[in-house]
Amino acid sequence: MKTLKIGKADVIPGSPNTLLYDGIVVDLGGKNSELPIQGEIQLATHGHADHIAGLFREAKSKFLPPEDRWGISLLGRRMAVYGFSCYESSLFTYDLIKEDLQATFKDPEVQVISTPGHTPGHVSYVIGDVLYAGDAFFGQRVLEGFVFPFYVDFWKAMESLAKIKEISNSVEGIVISHGPLYDKRKMLDLIEFNINYGQKLVDRVRDSLSDWVTSQQVVVKVMEGMGKKVEEISPTSIIMNERTALSIINGLNVDIITTIDGVKFRLHH
């Protein structure tokens, strides 16, 4: 398989792209889940299912940001799926990782950087001369395809992007999970594209709030404004994009009312 070499690091393309560095593996998952990759240290940037396959492998050390751990811990997974938990019950057939993960992680080769937004606990890693930014930002085709970036906290994500832009000056290479493998110059351009895209999205959301609308109506209006035809906008895309739209809306100065059609928002006049 063709890989990208950045200093001592190798990046295996996939979705997510997987970083290998001297026994350290970052974000093994998705298309790369079945690859026979072992590492003494298995790291995940966040707790989404396509990033955590490495946490199932034998390793001396495993780390997932504590804020994201509830989704794959025994208790967290049980509460999310079943709504209750009972010790060793045979009902719980969807349990994932059974051992406790580390609450903190320290390694002289790895710098853990808090970059919340995509998830509450999302982190990026600087390993050697490489910044692995996970889902802190996305490739241009991913953004334009989905229209809304997948951020549970859009405003925190924008702060994280500014932090990543600053850190990028001190590394040789930058890697994201879902997007192309570019050289540093092109990745810096991509960071700038994500920042500008985020501002454009805020402007589109603000424009859609000139009159009372639901958050799902905001999603449709914005997606149409960004070039999607109504027949191309699926119910799934509306549901998935609504969380980011709500995050943007709640960072604006809006009035809120309850109607028979649901909760509606309008820019405060």
# chains A, B, ... in the order shown; residues from 1 in each chain; ligands from 1

$ select_by_dssp --residues "segment 13-243 of chain A" --states "strand (DSSP E or B)" --output "number ranges by chain"
A: 18-21, 24-26, 41-43, 61-63, 102, 107, 110-114, 123-127, 130-132, 173-175, 213

$ residues_around --residues "Asp203 of chain A" --least-positions-apart "2" --cutoff "12 Å" --atoms "only C-alpha atoms" --output "compact mmCIF listing (two decimals) with N, CA, C and O atoms, in the first residue's frame"
# COMPACT_ATOMS: atom_id res chain seq x y z
N ASN A 196 -12.10 29.92 6.36
CA ASN A 196 -12.95 30.78 5.53
C ASN A 196 -14.31 30.13 5.27
O ASN A 196 -15.34 30.81 5.24
N TYR A 197 -14.30 28.82 5.08
CA TYR A 197 -15.55 28.09 4.85
C TYR A 197 -16.46 28.21 6.07
O TYR A 197 -17.67 28.40 5.94
N GLY A 198 -15.86 28.09 7.27
CA GLY A 198 -16.65 28.22 8.49
C GLY A 198 -17.30 29.58 8.60
O GLY A 198 -18.48 29.69 8.99
N GLN A 199 -16.57 30.64 8.25
CA GLN A 199 -17.15 31.99 8.31
C GLN A 199 -18.28 32.14 7.29
O GLN A 199 -19.32 32.75 7.57
N LYS A 200 -18.07 31.57 6.09
CA LYS A 200 -19.11 31.63 5.06
C LYS A 200 -20.37 30.89 5.53
O LYS A 200 -21.49 31.35 5.29
N LEU A 201 -20.17 29.79 6.24
CA LEU A 201 -21.30 29.02 6.76
C LEU A 201 -22.07 29.84 7.80
O LEU A 201 -23.31 29.84 7.81
N VAL A 205 -26.01 30.88 7.60
CA VAL A 205 -26.97 30.59 8.67
C VAL A 205 -27.62 31.88 9.14
O VAL A 205 -28.85 31.95 9.31
N ARG A 206 -26.82 32.91 9.32
CA ARG A 206 -27.37 34.20 9.76
C ARG A 206 -28.40 34.72 8.76
O ARG A 206 -29.47 35.20 9.14
N ASP A 207 -28.11 34.62 7.47
CA ASP A 207 -29.05 35.08 6.44
C ASP A 207 -30.36 34.30 6.48
O ASP A 207 -31.43 34.85 6.19
N SER A 208 -30.28 33.01 6.84
CA SER A 208 -31.49 32.18 6.85
C SER A 208 -32.39 32.48 8.04
O SER A 208 -33.54 32.01 8.08
N LEU A 209 -31.89 33.26 8.99
CA LEU A 209 -32.65 33.55 10.21
C LEU A 209 -33.34 34.91 10.16
O LEU A 209 -33.68 35.47 11.20
N SER A 210 -33.58 35.42 8.96
CA SER A 210 -34.24 36.72 8.84
C SER A 210 -35.69 36.65 9.30
O SER A 210 -36.29 37.65 9.70
N VAL A 218 -33.30 25.75 8.50
CA VAL A 218 -32.02 26.43 8.32
C VAL A 218 -31.08 25.55 7.50
O VAL A 218 -30.42 26.01 6.57
N VAL A 222 -29.56 26.61 3.89
CA VAL A 222 -28.12 26.76 3.72
C VAL A 222 -27.61 25.80 2.65
O VAL A 222 -26.79 26.18 1.79
N GLY A 225 -28.48 27.15 -0.63
CA GLY A 225 -27.64 28.30 -0.91
C GLY A 225 -26.21 27.94 -1.28
O GLY A 225 -25.51 28.69 -1.96
N MET A 226 -25.77 26.76 -0.84
CA MET A 226 -24.41 26.29 -1.14
C MET A 226 -24.40 25.37 -2.37
O MET A 226 -23.41 24.68 -2.62
N ALA A 245 -25.75 22.99 12.72
CA ALA A 245 -26.56 24.20 12.53
C ALA A 245 -27.04 24.74 13.87
O ALA A 245 -26.98 25.96 14.12
N ILE A 248 -24.20 26.53 15.61
CA ILE A 248 -23.98 27.87 15.05
C ILE A 248 -25.06 28.83 15.52
O ILE A 248 -24.77 29.94 15.98
N ILE A 249 -26.32 28.39 15.43
CA ILE A 249 -27.46 29.24 15.82
C ILE A 249 -27.32 29.70 17.27
O ILE A 249 -27.54 30.87 17.60
N LEU A 252 -25.24 32.71 17.99
CA LEU A 252 -25.71 33.98 17.45
C LEU A 252 -26.74 34.60 18.39
O LEU A 252 -27.27 33.93 19.28

$ atom_distance --atom1 "atom CA of Lys221 of chain A" --atom2 "atom CA of His178 of chain A"
25.8 Å

$ atom_distance --atom1 "atom CA of Pro235 of chain A" --atom2 "atom CA of Asp261 of chain A"
16.8 Å

$ atom_distance --atom1 "atom CA of Val130 of chain A" --atom2 "atom CA of Gly173 of chain A"
4.8 Å

$ residues_around --residues "His268 of chain A" --least-positions-apart "6" --cutoff "9 Å" --atoms "only C-alpha atoms" --output "list in words"
Leu252, Asn253, Val254 and Asp255 of chain A

$ closest_residue --among "A:Tyr132, A:His48, A:Lys184, A:Leu55" --to "Pro120 of chain A" --atoms "only C-alpha atoms"
A:His48

$ residues_around --residues "Val263 of chain A" --least-positions-apart "6" --cutoff "8 Å" --atoms "only C-alpha atoms" --output "PyMOL selection string"
chain A and resi 214-215+256-257

$ write_last_selection --atoms "C-alpha atoms" --output "PDB file, in the first residue's frame"
ATOM      1  CA  THR A 214     -36.712  25.672  12.579  1.00  0.00           C
ATOM      2  CA  SER A 215     -33.146  24.382  12.684  1.00  0.00           C
ATOM      3  CA  ILE A 256     -36.543  31.492  20.283  1.00  0.00           C
ATOM      4  CA  ILE A 257     -40.197  30.458  20.304  1.00  0.00           C
TER       5      ILE A 257
END

$ select_by_dssp --residues "segment 19-268 of chain A" --states "helix (DSSP H, G or I)" --output "PyMOL selection string"
chain A and resi 30-32+49-51+53-56+66-71+74-81+140-146+154-170+184-208+215-225+230-232+235-249

$ closest_residue --among "A:Ile238, A:Glu231, A:Val213, A:Ser61" --to "Phe148 of chain A" --atoms "only C-alpha atoms"
A:Ile238
